[in-house]
>>> print(open('upload_1.txt').read())   # compact mmCIF, C-alpha atoms
# COMPACT_ATOMS: atom_id res chain seq x y z
CA MET A 1 94.45 61.29 97.96
CA ALA A 2 94.91 63.24 94.74
CA GLY A 3 98.67 63.81 95.00
CA ASP A 4 101.10 66.66 94.56
CA VAL A 5 99.53 69.52 92.60
CA VAL A 6 102.72 70.06 90.59
CA ASP A 7 102.71 66.44 89.43
CA LEU A 8 98.99 66.57 88.62
CA ILE A 9 99.38 69.69 86.50
CA MET A 10 102.30 68.15 84.64
CA GLN A 11 100.26 64.97 84.02
CA ASP A 12 97.55 67.10 82.42
CA HIS A 13 100.19 68.81 80.29
CA ARG A 14 101.42 65.45 78.99
CA GLU A 15 97.85 64.37 78.19
CA VAL A 16 97.20 67.59 76.26
CA GLU A 17 100.43 67.04 74.31
CA ARG A 18 99.29 63.47 73.52
CA LEU A 19 95.93 64.77 72.29
CA PHE A 20 97.67 67.37 70.11
CA GLY A 21 99.70 64.59 68.51
CA GLU A 22 96.58 62.53 67.85
CA LEU A 23 94.83 65.52 66.29
CA GLU A 24 97.80 66.26 64.05
CA ARG A 25 98.47 62.65 62.97
CA HIS A 26 94.88 61.40 62.67
CA PRO A 27 92.56 63.93 61.02
CA GLU A 28 89.83 61.28 60.93
CA LYS A 29 89.67 61.41 64.77
CA ARG A 30 89.26 65.18 65.02
CA VAL A 31 85.47 65.19 65.34
CA LEU A 32 85.78 62.97 68.42
CA LEU A 33 88.97 64.41 69.92
CA VAL A 34 88.26 68.16 69.74
CA PRO A 35 85.53 67.95 72.43
CA VAL A 36 87.86 65.86 74.63
CA LEU A 37 90.70 68.37 74.24
CA SER A 38 88.35 71.30 74.82
CA SER A 39 86.91 69.77 77.97
CA LEU A 40 90.30 68.88 79.44
CA LEU A 41 91.97 72.20 78.66
CA THR A 42 89.02 74.23 79.91
CA ALA A 43 88.69 72.23 83.13
CA HIS A 44 92.47 72.32 83.69
CA SER A 45 92.60 76.09 83.18
CA ARG A 46 89.61 76.79 85.44
CA ALA A 47 91.08 74.61 88.21
CA GLU A 48 94.49 76.29 87.95
CA GLU A 49 92.89 79.72 87.99
CA ALA A 50 90.67 78.97 90.99
CA GLU A 51 92.99 76.86 93.14
CA VAL A 52 96.61 77.00 92.02
CA TYR A 53 97.24 80.51 90.76
CA PRO A 54 96.12 82.23 93.99
CA ALA A 55 98.51 79.99 95.97
CA ALA A 56 101.35 80.56 93.49
CA LYS A 57 100.74 84.28 93.70
CA GLY A 58 100.43 84.54 97.47
CA GLU A 59 102.59 81.72 98.80
CA ALA A 60 105.29 81.31 96.15
CA ASP A 61 105.61 85.02 95.22
CA GLU A 62 104.82 84.43 91.54
CA SER A 63 102.52 87.41 90.84
CA ASP A 64 104.07 88.35 87.50
CA GLU A 65 104.18 84.77 86.21
CA VAL A 66 100.58 84.15 87.34
CA ALA A 67 99.38 87.29 85.54
CA HIS A 68 101.24 86.21 82.41
CA GLY A 69 99.89 82.65 82.68
CA GLN A 70 96.36 83.95 83.10
CA LYS A 71 96.70 85.98 79.90
CA GLU A 72 97.94 82.87 78.09
CA HIS A 73 94.96 80.87 79.39
CA ALA A 74 92.60 83.50 77.97
CA GLU A 75 94.36 83.44 74.59
CA ALA A 76 94.26 79.62 74.48
CA GLU A 77 90.57 79.66 75.33
CA GLN A 78 89.88 82.01 72.43
CA LEU A 79 91.76 79.64 70.12
CA LEU A 80 89.76 76.68 71.50
CA VAL A 81 86.52 78.48 70.69
CA LYS A 82 87.80 79.07 67.16
CA LEU A 83 88.90 75.43 66.84
CA ASN A 84 85.45 74.20 67.91
CA ASP A 85 83.84 76.48 65.31
CA THR A 86 86.08 75.33 62.43
CA ASP A 87 85.37 72.41 60.10
CA PRO A 88 87.89 69.69 61.07
CA ARG A 89 88.40 68.81 57.38
CA SER A 90 89.42 72.32 56.36
CA LYS A 91 92.86 73.88 55.92
CA GLN A 92 91.72 76.56 58.37
CA PHE A 93 91.41 73.86 61.05
CA ASP A 94 95.08 72.95 60.57
CA LYS A 95 96.05 76.61 61.01
CA VAL A 96 93.96 77.09 64.15
CA LEU A 97 95.22 73.80 65.59
CA SER A 98 98.80 74.86 64.86
CA ASP A 99 98.23 78.21 66.59
CA LEU A 100 96.68 76.46 69.61
CA VAL A 101 99.50 73.92 69.84
CA GLU A 102 102.07 76.71 69.66
CA ALA A 103 100.32 78.83 72.31
CA VAL A 104 99.75 75.96 74.75
CA THR A 105 103.24 74.52 74.24
CA HIS A 106 104.73 77.93 74.99
CA HIS A 107 102.57 78.26 78.11
CA VAL A 108 103.44 74.77 79.36
CA LYS A 109 107.16 75.36 78.84
CA GLU A 110 107.04 78.63 80.80
CA GLU A 111 104.89 77.21 83.58
CA GLU A 112 107.08 74.12 83.95
CA SER A 113 110.27 76.19 84.06
CA THR A 114 109.11 78.93 86.46
CA VAL A 115 105.90 78.63 88.47
CA LEU A 116 105.83 74.88 89.08
CA PRO A 117 109.46 74.49 90.21
CA LYS A 118 109.08 77.46 92.54
CA MET A 119 105.88 75.98 93.99
CA ARG A 120 107.73 72.71 94.56
CA ARG A 121 110.52 74.60 96.39
CA GLU A 122 108.40 77.09 98.33
CA LEU A 123 105.39 74.99 99.36
CA ASN A 124 105.80 71.96 101.59
CA GLU A 125 104.56 68.55 100.51
CA ALA A 126 101.43 68.72 102.69
CA ARG A 127 100.41 72.04 101.12
CA ARG A 128 101.06 70.74 97.59
CA ARG A 129 98.89 67.70 98.35
CA GLU A 130 96.16 69.95 99.75
CA LEU A 131 96.30 72.01 96.56
CA GLY A 132 96.31 68.79 94.55
CA GLU A 133 93.05 67.74 96.18
CA ALA A 134 91.50 71.16 95.51
CA PHE A 135 92.79 71.13 91.91
CA VAL A 136 91.30 67.68 91.19
CA THR A 137 87.97 68.63 92.78
CA SER A 138 87.78 71.87 90.81
CA ARG A 139 88.91 70.25 87.55
CA THR A 140 86.29 67.51 87.96
CA SER A 141 83.56 70.08 88.54
CA HIS A 142 84.55 71.88 85.32
CA LEU A 143 84.76 68.84 83.03
CA GLY A 144 82.23 69.45 80.30
CA ASP A 145 82.55 73.24 80.49
CA ARG A 146 82.84 74.77 77.05
CA PRO A 147 85.57 77.26 76.17
CA GLY A 148 84.32 80.81 75.93
CA GLU A 149 81.46 80.24 78.37
CA ALA A 150 83.02 81.24 81.69
CA THR A 151 80.73 82.62 84.37
CA LYS A 152 81.21 86.18 85.56
CA GLU A 153 82.65 84.80 88.83
CA GLU A 154 85.21 82.74 86.87
CA LEU A 155 86.09 85.80 84.80
CA LEU A 156 86.54 87.86 87.98
CA THR A 157 88.97 85.19 89.24
CA GLN A 158 90.86 85.44 85.96
CA ALA A 159 90.96 89.23 86.31
CA ARG A 160 92.35 88.98 89.88
CA ASN A 161 95.01 86.54 88.70
CA ALA A 162 95.96 88.85 85.84
CA GLY A 163 96.09 91.94 88.07
CA VAL A 164 93.17 93.65 86.31
CA THR A 165 91.52 96.23 88.56
CA GLY A 166 87.91 97.40 88.49
CA ALA A 167 86.68 94.17 86.90
CA SER A 168 83.62 93.90 89.14
CA LYS A 169 82.14 96.90 87.32
CA MET A 170 82.84 95.46 83.85
CA SER A 171 80.74 93.26 81.59
CA LYS A 172 81.88 89.71 80.86
CA ASP A 173 83.19 90.80 77.44
CA GLU A 174 85.09 93.73 78.94
CA ILE A 175 86.69 91.47 81.57
CA THR A 176 87.74 89.00 78.88
CA ARG A 177 89.30 91.76 76.78
CA GLN A 178 91.14 93.22 79.78
CA VAL A 179 92.56 89.83 80.81
CA VAL A 180 93.82 89.17 77.28
CA GLN A 181 95.36 92.67 77.07
CA SER A 182 96.97 92.50 80.53
CA SER A 183 100.65 91.84 81.28
>>> encode(input="upload_1.txt", output="structure tokens")
Amino acid sequence: MAGDVVDLIMQDHREVERLFGELERHPEKRVLLVPVLSSLLTAHSRAEEAEVYPAAKGEADESDEVAHGQKEHAEAEQLLVKLNDTDPRSKQFDKVLSDLVEAVTHHVKEEESTVLPKMRRELNEARRRELGEAFVTSRTSHLGDRPGEATKEELLTQARNAGVTGASKMSKDEITRQVVQSS
């Protein structure tokens, strides 16, 4: 059994915070840690988008927060792409890392103060465990995915979560732009 989806998401948040600290304190580890951070954040986001956000939207009445969270995921993914493309020894890397830390920290704080507590209140334990199983399965399937390389189906899920209409007729780039501009 995977466990309560709220607890699992919060565990991922703590691991991302730990990785941020390692990246900030140990520049010599950046070459090895950036791919780990990228893989975890991308897999976490994809699993939330596919399994958790639809439940939060439909069962916990969190449509606005889900749309906002989806936009923040898209912004963080853009920063991850930039981080992966930046020399870890450069001053620019420090700036991009700082921007990413700020964006993700903001997102985590909002999610942990709104969506997750409401899911804990509104969804019974059995449902949260069911979502936990789906979240872990989805996250596992996305480990190794690279930021900025979402499939059209994944982008359409992001668009639904963000409340973007007409996405099925858009290109991948147009969907990405609309998700980032939404909410």
>>> residues_around(input="upload_1.txt", residues="Gly163 (chain A)", least_positions_apart="3", cutoff="10 Å", atoms="all atoms listed in the file", output="MDAnalysis selection string")
chainID A and resid 63:64 66:68 70 157:160 166:167 178:179 182:183
>>> residues_around(input="upload_1.txt", residues="Lys172 (chain A)", least_positions_apart="4", cutoff="9 Å", atoms="only C-alpha atoms", output="list in words")
Ala150, Thr151, Lys152, Leu155, Leu156, Ala167, Thr176 and Arg177 of chain A
>>> atom_distance(input="upload_1.txt", atom1="CA of Lys91 (chain A)", atom2="CA of Leu37 (chain A)")
19.3 Å
>>> residues_around(input="upload_1.txt", residues="region 6-23 of chain A", least_positions_apart="4", cutoff="6 Å", atoms="only C-alpha atoms", output="JSON, numbers by chain")
{"A": [27, 30, 116]}
>>> residues_around(input="upload_1.txt", residues="region 118-135 of chain A", least_positions_apart="2", cutoff="9 Å", atoms="all atoms listed in the file", output="number ranges by chain")
A: 1-9, 44, 47-48, 50-52, 55-56, 59-62, 113-116, 137-140
>>> write_last_selection(input="upload_1.txt", atoms="C-alpha atoms", output="PDB file, in the coordinates of the input")
ATOM      1  CA  MET A   1      94.450  61.290  97.960  1.00  0.00           C
ATOM      2  CA  ALA A   2      94.910  63.240  94.740  1.00  0.00           C
ATOM      3  CA  GLY A   3      98.670  63.810  95.000  1.00  0.00           C
ATOM      4  CA  ASP A   4     101.100  66.660  94.560  1.00  0.00           C
ATOM      5  CA  VAL A   5      99.530  69.520  92.600  1.00  0.00           C
ATOM      6  CA  VAL A   6     102.720  70.060  90.590  1.00  0.00           C
ATOM      7  CA  ASP A   7     102.710  66.440  89.430  1.00  0.00           C
ATOM      8  CA  LEU A   8      98.990  66.570  88.620  1.00  0.00           C
ATOM      9  CA  ILE A   9      99.380  69.690  86.500  1.00  0.00           C
ATOM     10  CA  HIS A  44      92.470  72.320  83.690  1.00  0.00           C
ATOM     11  CA  ALA A  47      91.080  74.610  88.210  1.00  0.00           C
ATOM     12  CA  GLU A  48      94.490  76.290  87.950  1.00  0.00           C
ATOM     13  CA  ALA A  50      90.670  78.970  90.990  1.00  0.00           C
ATOM     14  CA  GLU A  51      92.990  76.860  93.140  1.00  0.00           C
ATOM     15  CA  VAL A  52      96.610  77.000  92.020  1.00  0.00           C
ATOM     16  CA  ALA A  55      98.510  79.990  95.970  1.00  0.00           C
ATOM     17  CA  ALA A  56     101.350  80.560  93.490  1.00  0.00           C
ATOM     18  CA  GLU A  59     102.590  81.720  98.800  1.00  0.00           C
ATOM     19  CA  ALA A  60     105.290  81.310  96.150  1.00  0.00           C
ATOM     20  CA  ASP A  61     105.610  85.020  95.220  1.00  0.00           C
ATOM     21  CA  GLU A  62     104.820  84.430  91.540  1.00  0.00           C
ATOM     22  CA  SER A 113     110.270  76.190  84.060  1.00  0.00           C
ATOM     23  CA  THR A 114     109.110  78.930  86.460  1.00  0.00           C
ATOM     24  CA  VAL A 115     105.900  78.630  88.470  1.00  0.00           C
ATOM     25  CA  LEU A 116     105.830  74.880  89.080  1.00  0.00           C
ATOM     26  CA  THR A 137      87.970  68.630  92.780  1.00  0.00           C
ATOM     27  CA  SER A 138      87.780  71.870  90.810  1.00  0.00           C
ATOM     28  CA  ARG A 139      88.910  70.250  87.550  1.00  0.00           C
ATOM     29  CA  THR A 140      86.290  67.510  87.960  1.00  0.00           C
TER      30      THR A 140
END
>>> closest_residue(input="upload_1.txt", among="A:Glu72, A:Glu49, A:Glu149, A:Glu102", to="Asp173 (chain A)", atoms="only C-alpha atoms")
A:Glu149
>>> atom_distance(input="upload_1.txt", atom1="CA of Leu79 (chain A)", atom2="CA of Leu33 (chain A)")
15.5 Å
>>> closest_residue(input="upload_1.txt", among="A:Ala162, A:Val180, A:Val34, A:Val81", to="Pro54 (chain A)", atoms="only C-alpha atoms")
A:Ala162
>>> residues_near_point(input="upload_1.txt", point="(87.0, 68.5, 77.3)", cutoff="10 Å", atoms="only C-alpha atoms", output="list in words")
Leu33, Val34, Pro35, Val36, Leu37, Ser38, Ser39, Leu40, Leu41, Thr42, Ala43, His44, His142, Leu143, Gly144, Asp145, Arg146 and Pro147 of chain A
>>> atom_distance(input="upload_1.txt", atom1="CA of Leu32 (chain A)", atom2="CA of Glu112 (chain A)")
28.6 Å
>>> closest_residue(input="upload_1.txt", among="A:Gly58, A:Pro88, A:Gly69, A:Gly148", to="His107 (chain A)", atoms="all atoms listed in the file")
A:Gly69
>>> axis_aligned_box(input="upload_1.txt", around="region 151-159 of chain A", padding_each_side="6 Å", output="AutoDock Vina command-line options")
--center_x 85.8 --center_y 85.9 --center_z 86.8 --size_x 22.2 --size_y 18.6 --size_z 16.9
>>> closest_residue(input="upload_1.txt", among="A:Asp99, A:Glu111, A:Glu153, A:Asp87", to="Glu75 (chain A)", atoms="all atoms listed in the file")
A:Asp99
>>> closest_residue(input="upload_1.txt", among="A:His26, A:Lys169, A:His73, A:Arg46", to="Thr105 (chain A)", atoms="all atoms listed in the file")
A:His73
>>> decode(input="upload_1.txt", residues="region 166-180 of chain A", atoms="all heavy atoms", output="PDB file, in the first residue's frame")
ATOM      1  N   GLY A 166     -10.465  24.735 -25.590  1.00  0.00           N
ATOM      2  CA  GLY A 166     -10.035  24.651 -26.979  1.00  0.00           C
ATOM      3  C   GLY A 166      -8.633  24.107 -27.176  1.00  0.00           C
ATOM      4  O   GLY A 166      -8.074  24.214 -28.267  1.00  0.00           O
ATOM      5  N   ALA A 167      -8.062  23.517 -26.151  1.00  0.00           N
ATOM      6  CA  ALA A 167      -6.669  23.059 -26.220  1.00  0.00           C
ATOM      7  C   ALA A 167      -6.472  21.933 -27.228  1.00  0.00           C
ATOM      8  O   ALA A 167      -5.388  21.813 -27.803  1.00  0.00           O
ATOM      9  CB  ALA A 167      -6.185  22.614 -24.839  1.00  0.00           C
ATOM     10  N   SER A 168      -7.486  21.124 -27.456  1.00  0.00           N
ATOM     11  CA  SER A 168      -7.316  19.991 -28.374  1.00  0.00           C
ATOM     12  C   SER A 168      -6.999  20.441 -29.795  1.00  0.00           C
ATOM     13  O   SER A 168      -6.432  19.689 -30.571  1.00  0.00           O
ATOM     14  CB  SER A 168      -8.560  19.101 -28.365  1.00  0.00           C
ATOM     15  OG  SER A 168      -9.680  19.828 -28.835  1.00  0.00           O
ATOM     16  N   LYS A 169      -7.312  21.681 -30.114  1.00  0.00           N
ATOM     17  CA  LYS A 169      -7.049  22.210 -31.454  1.00  0.00           C
ATOM     18  C   LYS A 169      -5.715  22.973 -31.519  1.00  0.00           C
ATOM     19  O   LYS A 169      -5.344  23.481 -32.564  1.00  0.00           O
ATOM     20  CB  LYS A 169      -8.195  23.127 -31.875  1.00  0.00           C
ATOM     21  CG  LYS A 169      -9.522  22.417 -32.021  1.00  0.00           C
ATOM     22  CD  LYS A 169     -10.615  23.377 -32.411  1.00  0.00           C
ATOM     23  CE  LYS A 169     -11.926  22.688 -32.602  1.00  0.00           C
ATOM     24  NZ  LYS A 169     -12.684  22.482 -31.387  1.00  0.00           N
ATOM     25  N   MET A 170      -5.022  23.061 -30.380  1.00  0.00           N
ATOM     26  CA  MET A 170      -3.780  23.826 -30.316  1.00  0.00           C
ATOM     27  C   MET A 170      -2.561  22.932 -30.498  1.00  0.00           C
ATOM     28  O   MET A 170      -2.616  21.737 -30.254  1.00  0.00           O
ATOM     29  CB  MET A 170      -3.652  24.510 -28.942  1.00  0.00           C
ATOM     30  CG  MET A 170      -4.696  25.523 -28.636  1.00  0.00           C
ATOM     31  SD  MET A 170      -4.412  26.165 -26.949  1.00  0.00           S
ATOM     32  CE  MET A 170      -5.954  26.987 -26.654  1.00  0.00           C
ATOM     33  N   SER A 171      -1.445  23.555 -30.874  1.00  0.00           N
ATOM     34  CA  SER A 171      -0.167  22.853 -30.919  1.00  0.00           C
ATOM     35  C   SER A 171       0.349  22.706 -29.489  1.00  0.00           C
ATOM     36  O   SER A 171      -0.140  23.366 -28.566  1.00  0.00           O
ATOM     37  CB  SER A 171       0.849  23.638 -31.754  1.00  0.00           C
ATOM     38  OG  SER A 171       1.239  24.808 -31.053  1.00  0.00           O
ATOM     39  N   LYS A 172       1.378  21.881 -29.309  1.00  0.00           N
ATOM     40  CA  LYS A 172       1.966  21.705 -27.986  1.00  0.00           C
ATOM     41  C   LYS A 172       2.470  23.036 -27.433  1.00  0.00           C
ATOM     42  O   LYS A 172       2.250  23.344 -26.264  1.00  0.00           O
ATOM     43  CB  LYS A 172       3.098  20.670 -28.037  1.00  0.00           C
ATOM     44  CG  LYS A 172       2.605  19.246 -28.214  1.00  0.00           C
ATOM     45  CD  LYS A 172       3.722  18.254 -28.435  1.00  0.00           C
ATOM     46  CE  LYS A 172       4.639  18.123 -27.257  1.00  0.00           C
ATOM     47  NZ  LYS A 172       5.627  17.039 -27.409  1.00  0.00           N
ATOM     48  N   ASP A 173       3.129  23.833 -28.271  1.00  0.00           N
ATOM     49  CA  ASP A 173       3.641  25.134 -27.815  1.00  0.00           C
ATOM     50  C   ASP A 173       2.510  26.075 -27.416  1.00  0.00           C
ATOM     51  O   ASP A 173       2.614  26.797 -26.423  1.00  0.00           O
ATOM     52  CB  ASP A 173       4.502  25.796 -28.894  1.00  0.00           C
ATOM     53  CG  ASP A 173       5.847  25.111 -29.089  1.00  0.00           C
ATOM     54  OD1 ASP A 173       6.277  24.355 -28.180  1.00  0.00           O
ATOM     55  OD2 ASP A 173       6.468  25.327 -30.145  1.00  0.00           O
ATOM     56  N   GLU A 174       1.426  26.064 -28.197  1.00  0.00           N
ATOM     57  CA  GLU A 174       0.285  26.930 -27.864  1.00  0.00           C
ATOM     58  C   GLU A 174      -0.352  26.511 -26.540  1.00  0.00           C
ATOM     59  O   GLU A 174      -0.715  27.368 -25.728  1.00  0.00           O
ATOM     60  CB  GLU A 174      -0.764  26.877 -28.982  1.00  0.00           C
ATOM     61  CG  GLU A 174      -0.334  27.546 -30.261  1.00  0.00           C
ATOM     62  CD  GLU A 174      -1.282  27.274 -31.413  1.00  0.00           C
ATOM     63  OE1 GLU A 174      -1.820  26.149 -31.516  1.00  0.00           O
ATOM     64  OE2 GLU A 174      -1.489  28.200 -32.208  1.00  0.00           O
ATOM     65  N   ILE A 175      -0.485  25.202 -26.316  1.00  0.00           N
ATOM     66  CA  ILE A 175      -1.053  24.721 -25.052  1.00  0.00           C
ATOM     67  C   ILE A 175      -0.176  25.172 -23.892  1.00  0.00           C
ATOM     68  O   ILE A 175      -0.679  25.691 -22.888  1.00  0.00           O
ATOM     69  CB  ILE A 175      -1.205  23.185 -25.040  1.00  0.00           C
ATOM     70  CG1 ILE A 175      -2.193  22.725 -26.118  1.00  0.00           C
ATOM     71  CG2 ILE A 175      -1.667  22.695 -23.661  1.00  0.00           C
ATOM     72  CD1 ILE A 175      -2.199  21.214 -26.348  1.00  0.00           C
ATOM     73  N   THR A 176       1.128  24.995 -24.025  1.00  0.00           N
ATOM     74  CA  THR A 176       2.056  25.394 -22.967  1.00  0.00           C
ATOM     75  C   THR A 176       1.908  26.871 -22.656  1.00  0.00           C
ATOM     76  O   THR A 176       1.818  27.267 -21.490  1.00  0.00           O
ATOM     77  CB  THR A 176       3.507  25.061 -23.361  1.00  0.00           C
ATOM     78  OG1 THR A 176       3.612  23.648 -23.589  1.00  0.00           O
ATOM     79  CG2 THR A 176       4.492  25.478 -22.292  1.00  0.00           C
ATOM     80  N   ARG A 177       1.870  27.709 -23.683  1.00  0.00           N
ATOM     81  CA  ARG A 177       1.716  29.150 -23.472  1.00  0.00           C
ATOM     82  C   ARG A 177       0.397  29.474 -22.770  1.00  0.00           C
ATOM     83  O   ARG A 177       0.353  30.291 -21.841  1.00  0.00           O
ATOM     84  CB  ARG A 177       1.787  29.911 -24.798  1.00  0.00           C
ATOM     85  CG  ARG A 177       3.193  30.248 -25.239  1.00  0.00           C
ATOM     86  CD  ARG A 177       3.219  31.270 -26.373  1.00  0.00           C
ATOM     87  NE  ARG A 177       2.528  30.828 -27.572  1.00  0.00           N
ATOM     88  CZ  ARG A 177       3.028  29.991 -28.475  1.00  0.00           C
ATOM     89  NH1 ARG A 177       4.233  29.487 -28.323  1.00  0.00           N
ATOM     90  NH2 ARG A 177       2.319  29.660 -29.544  1.00  0.00           N
ATOM     91  N   GLN A 178      -0.684  28.830 -23.187  1.00  0.00           N
ATOM     92  CA  GLN A 178      -1.990  29.097 -22.598  1.00  0.00           C
ATOM     93  C   GLN A 178      -2.038  28.670 -21.126  1.00  0.00           C
ATOM     94  O   GLN A 178      -2.641  29.355 -20.298  1.00  0.00           O
ATOM     95  CB  GLN A 178      -3.093  28.392 -23.391  1.00  0.00           C
ATOM     96  CG  GLN A 178      -3.386  29.016 -24.718  1.00  0.00           C
ATOM     97  CD  GLN A 178      -3.874  30.436 -24.588  1.00  0.00           C
ATOM     98  OE1 GLN A 178      -4.759  30.740 -23.798  1.00  0.00           O
ATOM     99  NE2 GLN A 178      -3.268  31.336 -25.344  1.00  0.00           N
ATOM    100  N   VAL A 179      -1.416  27.551 -20.795  1.00  0.00           N
ATOM    101  CA  VAL A 179      -1.406  27.086 -19.401  1.00  0.00           C
ATOM    102  C   VAL A 179      -0.639  28.082 -18.533  1.00  0.00           C
ATOM    103  O   VAL A 179      -1.093  28.450 -17.451  1.00  0.00           O
ATOM    104  CB  VAL A 179      -0.823  25.659 -19.290  1.00  0.00           C
ATOM    105  CG1 VAL A 179      -0.555  25.297 -17.838  1.00  0.00           C
ATOM    106  CG2 VAL A 179      -1.787  24.644 -19.906  1.00  0.00           C
ATOM    107  N   VAL A 180       0.502  28.541 -19.027  1.00  0.00           N
ATOM    108  CA  VAL A 180       1.308  29.495 -18.259  1.00  0.00           C
ATOM    109  C   VAL A 180       0.566  30.813 -18.096  1.00  0.00           C
ATOM    110  O   VAL A 180       0.635  31.452 -17.034  1.00  0.00           O
ATOM    111  CB  VAL A 180       2.692  29.717 -18.914  1.00  0.00           C
ATOM    112  CG1 VAL A 180       3.427  30.884 -18.294  1.00  0.00           C
ATOM    113  CG2 VAL A 180       3.525  28.452 -18.820  1.00  0.00           C
TER     114      VAL A 180
END
